[in-house]
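Undergrad: My structure file model-v1.cif, mmCIF, C-alpha atoms and all ligand atoms, is below:
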data_coords
loop_
_atom_site.label_atom_id
_atom_site.label_comp_id
_atom_site.auth_asym_id
_atom_site.auth_seq_id
_atom_site.Cartn_x
_atom_site.Cartn_y
_atom_site.Cartn_z
CA MET S 138 200.34 161.82 84.06
CA GLY S 139 203.05 161.91 86.70
CA ALA S 140 206.78 161.58 86.17
CA HIS S 141 208.12 159.52 83.29
CA THR S 142 211.73 160.14 84.19
CA ASP S 143 213.02 156.90 82.68
CA THR S 144 211.83 157.64 79.19
CA CYS S 145 210.80 161.28 78.78
CA ILE S 146 213.40 163.98 78.17
CA PHE S 147 211.15 166.78 79.45
CA CYS S 148 210.25 164.83 82.62
CA LYS S 149 214.02 164.51 83.14
CA ILE S 150 214.42 168.28 82.78
CA VAL S 151 211.49 168.85 85.19
CA ALA S 152 213.18 166.50 87.68
CA GLY S 153 216.55 168.22 87.28
CA GLN S 154 218.12 165.01 85.94
CA ILE S 155 219.41 166.76 82.84
CA PRO S 156 220.28 170.44 82.58
CA ALA S 157 218.34 173.12 80.73
CA ARG S 158 218.65 176.90 80.41
CA LYS S 159 215.62 177.61 82.58
CA VAL S 160 213.88 180.97 82.32
CA TYR S 161 210.84 180.27 84.52
CA GLU S 162 209.54 177.70 86.98
CA ASP S 163 206.55 177.38 89.31
CA ASP S 164 204.57 174.50 90.80
CA GLU S 165 202.93 173.59 87.50
CA LEU S 166 205.17 174.86 84.69
CA ILE S 167 208.76 175.11 83.59
CA ALA S 168 210.15 177.12 80.68
CA PHE S 169 213.61 176.88 79.13
CA HIS S 170 215.53 177.66 75.97
CA ASP S 171 215.17 175.17 73.13
CA ILE S 172 218.47 173.32 72.66
CA ASN S 173 218.26 173.76 68.88
CA PRO S 174 216.64 177.17 68.40
CA ALA S 175 214.66 177.85 65.24
CA ALA S 176 214.58 181.61 65.91
CA PRO S 177 216.80 184.09 67.80
CA ILE S 178 214.54 183.57 70.83
CA HIS S 179 213.08 180.07 71.12
CA LEU S 180 211.60 179.03 74.45
CA LEU S 181 209.65 175.91 75.39
CA ILE S 182 206.88 176.11 78.00
CA VAL S 183 206.27 172.70 79.54
CA PRO S 184 203.77 171.47 82.15
CA LYS S 185 205.41 169.53 84.96
CA THR S 186 202.82 166.80 84.56
CA HIS S 187 203.47 164.33 81.74
CA ILE S 188 200.81 164.71 79.02
CA GLU S 189 201.85 163.12 75.74
CA THR S 190 200.04 165.26 73.19
CA LEU S 191 197.39 167.96 72.93
CA ALA S 192 195.01 165.20 71.88
CA ASP S 193 195.47 163.58 75.32
CA VAL S 194 194.45 166.67 77.29
CA ARG S 195 191.62 166.05 79.77
CA PRO S 196 189.27 168.57 81.36
CA ALA S 197 191.48 168.64 84.47
CA ASP S 198 194.40 169.81 82.31
CA GLU S 199 192.60 172.78 80.74
CA ALA S 200 193.77 175.27 83.34
CA ILE S 201 197.42 174.39 82.82
CA LEU S 202 197.01 174.72 79.05
CA GLY S 203 195.57 178.16 79.61
CA ARG S 204 198.44 179.15 81.86
CA MET S 205 201.02 177.97 79.29
CA MET S 206 199.44 180.23 76.69
CA ALA S 207 198.89 183.17 79.04
CA ILE S 208 202.48 183.28 80.28
CA ALA S 209 204.05 183.08 76.81
CA PRO S 210 204.13 186.83 76.01
CA ARG S 211 205.63 187.72 79.38
CA LEU S 212 208.41 185.15 79.04
CA ALA S 213 209.09 186.14 75.45
CA PHE S 214 209.41 189.85 76.27
CA GLU S 215 211.49 189.14 79.38
CA ASN S 216 213.87 187.18 77.19
CA GLY S 217 214.30 189.74 74.45
CA ALA S 218 211.32 189.52 72.12
CA PRO S 219 210.93 192.84 70.28
CA ALA S 220 208.26 194.95 71.98
CA MET S 221 204.77 195.55 70.63
CA PRO S 222 203.25 197.17 68.65
CA ASP S 223 205.85 196.41 65.98
CA GLY S 224 207.43 193.35 67.55
CA GLY S 225 205.76 190.27 68.95
CA LEU S 226 206.05 186.53 69.08
CA ARG S 227 204.65 183.30 67.73
CA VAL S 228 203.36 180.39 69.82
CA ILE S 229 203.11 176.92 68.30
CA MET S 230 202.26 173.43 69.49
CA ASN S 231 203.05 170.46 67.27
CA VAL S 232 200.65 167.56 67.72
CA GLY S 233 201.47 163.98 66.74
CA PRO S 234 203.69 162.67 63.96
CA GLY S 235 201.72 164.45 61.26
CA GLY S 236 202.09 167.71 63.17
CA GLY S 237 205.84 167.38 63.51
CA GLN S 238 205.91 166.49 67.22
CA GLU S 239 209.19 164.91 68.28
CA VAL S 240 209.02 165.06 72.08
CA TYR S 241 205.88 163.38 73.47
CA HIS S 242 205.42 165.61 76.51
CA ILE S 243 203.37 168.63 75.49
CA HIS S 244 205.21 171.90 75.08
CA LEU S 245 204.49 175.31 73.65
CA HIS S 246 207.13 176.73 71.34
CA VAL S 247 207.62 180.48 71.81
CA LEU S 248 209.50 182.09 68.94
CA ALA S 249 210.59 185.68 68.53
CA GLY S 250 213.31 187.89 67.14
CA GLU S 251 214.50 189.01 63.77
CA PRO S 252 213.88 186.61 60.85
CA PRO S 253 214.97 184.34 59.31
CA TRP S 254 213.51 181.55 61.42
CA ARG S 255 214.11 177.91 60.60
CA GLY S 256 211.26 175.50 60.15
CA PHE S 257 208.39 177.40 61.71
CA ALA S 258 207.79 180.29 59.30
P1 LIG Y 1 208.56 169.16 68.85
O1 LIG Y 1 209.04 168.79 67.48
O2 LIG Y 1 208.30 167.93 69.69
O3 LIG Y 1 207.41 170.12 68.84
O4 LIG Y 1 209.74 169.96 69.51
C1 LIG Y 1 210.69 169.41 70.36
C2 LIG Y 1 211.71 170.49 70.65
O5 LIG Y 1 212.45 170.09 71.77
C3 LIG Y 1 212.69 170.71 69.50
O6 LIG Y 1 212.63 172.08 69.08
C4 LIG Y 1 214.04 170.33 70.11
O7 LIG Y 1 215.11 171.17 69.68
C5 LIG Y 1 213.79 170.49 71.60
N1 LIG Y 1 214.58 169.61 72.43
C6 LIG Y 1 214.74 168.27 72.28
N2 LIG Y 1 215.52 167.76 73.26
C7 LIG Y 1 215.84 168.81 74.06
C8 LIG Y 1 216.64 168.91 75.26
O8 LIG Y 1 217.20 167.95 75.77
N3 LIG Y 1 216.75 170.15 75.80
C9 LIG Y 1 216.15 171.25 75.27
N4 LIG Y 1 216.33 172.42 75.89
N5 LIG Y 1 215.39 171.19 74.15
C10 LIG Y 1 215.25 169.98 73.55
ZN ZN Y 2 207.28 163.75 80.36
#
Give the structure from the file, written as structure tokens.
TA:
Amino acid sequence: MGAHTDTCIFCKIVAGQIPARKVYEDDELIAFHDINPAAPIHLLIVPKTHIETLADVRPADEAILGRMMAIAPRLAFENGAPAMPDGGLRVIMNVGPGGGQEVYHIHLHVLAGEPPWRGFA
């Protein structure tokens, strides 16, 4: 929990210590473009509180997890995801080394746009 601004890249982005192409921010969440996009639209939705993995989520964190998921379609469509019913998006969370997680501050990947996508599809 809290800020891990010495060691965590996403805590540094939350704190404004390193730049990011932000698309959304409120008291609990921040969303920005992935620096190495795997799809034409690739956003990351990140809680401001430092939670290492989905396996570390506690009951008090459940609301923020819900908000991350619930806001994903809106942010995707606002940032160019093809509209439904034909278009859409994909939301992914990698968990732990075996799940391909590289940054240990939970984040939801939001992918959209015309294929091909790299790595996630
Ligand atoms: P993971 O593999 O942990 O699920 O995904 C980490 C994601 O964070 C990767 O897609 C990677 O490109 C992205 N990423 C890593 N460092 C930075 C950074 O400094 N800024 C931004 N915007 N994205 C980053
Ligand atoms: Zn962090």
Undergrad: Dump as a Markdown table the rows for residues of segment 168-210 of chain S within 8 Å of segment 235-258 of chain S: closest atom pair and distance in Å with one decimal, all atoms listed in the file counted, ordered by chain and rising residue number.
TA:
| residue | atom | partner | partner_atom | distance |
| --- | --- | --- | --- | --- |
| S:Ala175 | CA | S:Arg255 | CA | 4.7 |
| S:Ala176 | CA | S:Trp254 | CA | 4.6 |
| S:Pro177 | CA | S:Gly250 | CA | 5.2 |
| S:Ile178 | CA | S:Ala249 | CA | 5.0 |
| S:His179 | CA | S:Leu248 | CA | 4.7 |
| S:Leu180 | CA | S:Val247 | CA | 5.0 |
| S:Leu181 | CA | S:His246 | CA | 4.8 |
| S:Ile182 | CA | S:Leu245 | CA | 5.0 |
| S:Val183 | CA | S:His244 | CA | 4.7 |
| S:Pro184 | CA | S:His244 | CA | 7.2 |
| S:His187 | CA | S:His242 | CA | 5.7 |
| S:Ile188 | CA | S:His242 | CA | 5.3 |
| S:Glu189 | CA | S:His242 | CA | 4.4 |
| S:Thr190 | CA | S:Ile243 | CA | 5.3 |
| S:Leu191 | CA | S:Ile243 | CA | 6.5 |
| S:Met205 | CA | S:Leu245 | CA | 7.1 |
| S:Met206 | CA | S:Leu245 | CA | 7.7 |
| S:Ala209 | CA | S:Val247 | CA | 6.7 |
Undergrad: Restricting the calculation to all atoms listed in the file, which member of S:Asp198, S:Pro210, S:Cys145, S:Asp171 is positioned closest to Lys159 of chain S?
TA: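 Between S:Asp198, S:Pro210, S:Cys145, S:Asp171, the residue approaching Lys159 of chain S most closely is S:Asp171.
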Undergrad: Put the listed atoms of ligand LIG 1 (chain Y) in a box along x, y and z with 5 Å added on every side and give me the centre and edge lengths in Å to one decimal, as JSON.
TA:
{"center_x": 212.3, "center_y": 170.1, "center_z": 71.7, "size_x": 19.8, "size_y": 14.7, "size_z": 18.4}
Undergrad: Contacts of Pro156 of chain S at 12 Å or less, counting all atoms listed in the file, minus same-chain residues fewer than 3 places along, as a list in words?
TA: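 Contacts, in chain order: Ile146, Phe147, Cys148, Lys149, Ile150, Val151, Ala152, Gly153, Lys159, Phe169, His170, Asp171 and Ile172 of chain S.
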Undergrad: I'd like to know which of S:Asp193, S:Asn173, S:Asp163, S:Ala140 is closest to ligand LIG 1 (chain Y), using all atoms listed in the file.
TA: S:Asn173
Undergrad: In terms of the shortest atom-to-atom distance over all atoms listed in the file, which of S:Leu212, S:Ile201, S:Glu162, S:Thr144 is closest to Thr186 of chain S?
TA: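 Between S:Leu212, S:Ile201, S:Glu162, S:Thr144, the residue approaching Thr186 of chain S most closely is S:Ile201.
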Undergrad: Could you state the separation of atom CA of Ile229 of chain S and atom CA of Leu202 of chain S in Å, given to one decimal place?
TA: 12.6 Å
Undergrad: Using Å and a single decimal, report how far atom CA of Arg195 of chain S sits from atom CA of Arg158 of chain S.
TA: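 That distance, rounded to one decimal, is 29.1 Å.
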Undergrad: Can you tell me, as a PDB file with C-alpha atoms, keeping the file's coordinate frame, what residues are no more than 10 Å from Gly224 of chain S when counting all atoms listed in the file, ignoring any on the same chain fewer than 2 positions away?
TA:
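Result file is around33.pdb:
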ATOM      1  CA  PHE S 214     209.410 189.850  76.270  1.00  0.00           C
ATOM      2  CA  ALA S 218     211.320 189.520  72.120  1.00  0.00           C
ATOM      3  CA  PRO S 219     210.930 192.840  70.280  1.00  0.00           C
ATOM      4  CA  ALA S 220     208.260 194.950  71.980  1.00  0.00           C
ATOM      5  CA  MET S 221     204.770 195.550  70.630  1.00  0.00           C
ATOM      6  CA  PRO S 222     203.250 197.170  68.650  1.00  0.00           C
ATOM      7  CA  LEU S 226     206.050 186.530  69.080  1.00  0.00           C
ATOM      8  CA  ALA S 249     210.590 185.680  68.530  1.00  0.00           C
ATOM      9  CA  GLY S 250     213.310 187.890  67.140  1.00  0.00           C
ATOM     10  CA  GLU S 251     214.500 189.010  63.770  1.00  0.00           C
TER      11      GLU S 251
END
Undergrad: If you measure from atom O1 of ligand LIG 1 (chain Y) to atom CA of Asn231 of chain S, what distance in Å do you get, rounded to one decimal?
TA: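 Pair atom O1 of ligand LIG 1 (chain Y) / atom CA of Asn231 of chain S returns 6.2 Å.
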Undergrad: Between S:Ile167, S:Ala192, S:Met230, S:Ala207, which one has atoms that come closest to ligand ZN 2 (chain Y), using all atoms listed in the file?
TA: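 Between S:Ile167, S:Ala192, S:Met230, S:Ala207, the residue approaching ligand ZN 2 (chain Y) most closely is S:Ile167.
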Undergrad: Could you write segment 216-242 of chain S as a PDB file, in the coordinates of the input, with N, CA and C atoms rebuilt where they are missing?
TA:
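Output saved as result_37.pdb:
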ATOM      1  N   ASN S 216     212.674 187.804  77.764  1.00  0.00           N
ATOM      2  CA  ASN S 216     213.870 187.180  77.190  1.00  0.00           C
ATOM      3  C   ASN S 216     214.249 187.762  75.843  1.00  0.00           C
ATOM      4  N   GLY S 217     213.786 188.992  75.585  1.00  0.00           N
ATOM      5  CA  GLY S 217     214.300 189.740  74.450  1.00  0.00           C
ATOM      6  C   GLY S 217     213.429 189.855  73.233  1.00  0.00           C
ATOM      7  N   ALA S 218     212.207 189.356  73.280  1.00  0.00           N
ATOM      8  CA  ALA S 218     211.320 189.520  72.120  1.00  0.00           C
ATOM      9  C   ALA S 218     211.105 191.001  71.862  1.00  0.00           C
ATOM     10  N   PRO S 219     211.190 191.446  70.607  1.00  0.00           N
ATOM     11  CA  PRO S 219     210.930 192.840  70.280  1.00  0.00           C
ATOM     12  C   PRO S 219     209.547 193.274  70.756  1.00  0.00           C
ATOM     13  N   ALA S 220     209.485 194.481  71.332  1.00  0.00           N
ATOM     14  CA  ALA S 220     208.260 194.950  71.980  1.00  0.00           C
ATOM     15  C   ALA S 220     207.161 195.235  70.955  1.00  0.00           C
ATOM     16  N   MET S 221     205.932 195.138  71.402  1.00  0.00           N
ATOM     17  CA  MET S 221     204.770 195.550  70.630  1.00  0.00           C
ATOM     18  C   MET S 221     204.764 197.079  70.603  1.00  0.00           C
ATOM     19  N   PRO S 222     204.152 197.752  69.644  1.00  0.00           N
ATOM     20  CA  PRO S 222     203.250 197.170  68.650  1.00  0.00           C
ATOM     21  C   PRO S 222     203.965 196.594  67.425  1.00  0.00           C
ATOM     22  N   ASP S 223     205.230 196.905  67.211  1.00  0.00           N
ATOM     23  CA  ASP S 223     205.850 196.410  65.980  1.00  0.00           C
ATOM     24  C   ASP S 223     206.383 194.996  66.126  1.00  0.00           C
ATOM     25  N   GLY S 224     206.895 194.687  67.309  1.00  0.00           N
ATOM     26  CA  GLY S 224     207.430 193.350  67.550  1.00  0.00           C
ATOM     27  C   GLY S 224     206.333 192.379  67.924  1.00  0.00           C
ATOM     28  N   GLY S 225     206.731 191.273  68.548  1.00  0.00           N
ATOM     29  CA  GLY S 225     205.760 190.270  68.950  1.00  0.00           C
ATOM     30  C   GLY S 225     206.396 188.904  68.991  1.00  0.00           C
ATOM     31  N   LEU S 226     205.572 187.890  68.926  1.00  0.00           N
ATOM     32  CA  LEU S 226     206.050 186.530  69.080  1.00  0.00           C
ATOM     33  C   LEU S 226     205.101 185.585  68.369  1.00  0.00           C
ATOM     34  N   ARG S 227     205.514 184.333  68.293  1.00  0.00           N
ATOM     35  CA  ARG S 227     204.650 183.300  67.730  1.00  0.00           C
ATOM     36  C   ARG S 227     204.635 182.126  68.698  1.00  0.00           C
ATOM     37  N   VAL S 228     203.448 181.570  68.970  1.00  0.00           N
ATOM     38  CA  VAL S 228     203.360 180.390  69.820  1.00  0.00           C
ATOM     39  C   VAL S 228     202.790 179.238  68.993  1.00  0.00           C
ATOM     40  N   ILE S 229     203.438 178.079  69.141  1.00  0.00           N
ATOM     41  CA  ILE S 229     203.110 176.920  68.300  1.00  0.00           C
ATOM     42  C   ILE S 229     203.124 175.666  69.162  1.00  0.00           C
ATOM     43  N   MET S 230     202.170 174.766  68.911  1.00  0.00           N
ATOM     44  CA  MET S 230     202.260 173.430  69.490  1.00  0.00           C
ATOM     45  C   MET S 230     202.110 172.401  68.376  1.00  0.00           C
ATOM     46  N   ASN S 231     203.107 171.548  68.239  1.00  0.00           N
ATOM     47  CA  ASN S 231     203.050 170.460  67.270  1.00  0.00           C
ATOM     48  C   ASN S 231     202.343 169.278  67.919  1.00  0.00           C
ATOM     49  N   VAL S 232     201.476 168.619  67.161  1.00  0.00           N
ATOM     50  CA  VAL S 232     200.650 167.560  67.720  1.00  0.00           C
ATOM     51  C   VAL S 232     200.744 166.299  66.867  1.00  0.00           C
ATOM     52  N   GLY S 233     201.391 165.278  67.417  1.00  0.00           N
ATOM     53  CA  GLY S 233     201.470 163.980  66.740  1.00  0.00           C
ATOM     54  C   GLY S 233     202.458 163.972  65.589  1.00  0.00           C
ATOM     55  N   PRO S 234     202.708 162.794  65.044  1.00  0.00           N
ATOM     56  CA  PRO S 234     203.690 162.670  63.960  1.00  0.00           C
ATOM     57  C   PRO S 234     203.379 163.572  62.775  1.00  0.00           C
ATOM     58  N   GLY S 235     202.102 163.622  62.410  1.00  0.00           N
ATOM     59  CA  GLY S 235     201.720 164.450  61.260  1.00  0.00           C
ATOM     60  C   GLY S 235     201.853 165.928  61.522  1.00  0.00           C
ATOM     61  N   GLY S 236     201.912 166.306  62.800  1.00  0.00           N
ATOM     62  CA  GLY S 236     202.090 167.710  63.170  1.00  0.00           C
ATOM     63  C   GLY S 236     203.523 168.053  63.502  1.00  0.00           C
ATOM     64  N   GLY S 237     204.425 167.083  63.292  1.00  0.00           N
ATOM     65  CA  GLY S 237     205.840 167.380  63.510  1.00  0.00           C
ATOM     66  C   GLY S 237     206.298 167.261  64.950  1.00  0.00           C
ATOM     67  N   GLN S 238     205.496 166.632  65.815  1.00  0.00           N
ATOM     68  CA  GLN S 238     205.910 166.490  67.220  1.00  0.00           C
ATOM     69  C   GLN S 238     207.006 165.448  67.347  1.00  0.00           C
ATOM     70  N   GLU S 239     208.070 165.828  68.063  1.00  0.00           N
ATOM     71  CA  GLU S 239     209.190 164.910  68.280  1.00  0.00           C
ATOM     72  C   GLU S 239     209.306 164.485  69.737  1.00  0.00           C
ATOM     73  N   VAL S 240     208.968 165.381  70.643  1.00  0.00           N
ATOM     74  CA  VAL S 240     209.020 165.060  72.080  1.00  0.00           C
ATOM     75  C   VAL S 240     207.578 164.901  72.567  1.00  0.00           C
ATOM     76  N   TYR S 241     207.259 163.696  73.091  1.00  0.00           N
ATOM     77  CA  TYR S 241     205.880 163.380  73.470  1.00  0.00           C
ATOM     78  C   TYR S 241     205.602 163.696  74.936  1.00  0.00           C
ATOM     79  N   HIS S 242     205.818 164.965  75.244  1.00  0.00           N
ATOM     80  CA  HIS S 242     205.420 165.610  76.510  1.00  0.00           C
ATOM     81  C   HIS S 242     205.074 167.021  76.061  1.00  0.00           C
TER      82      HIS S 242
END
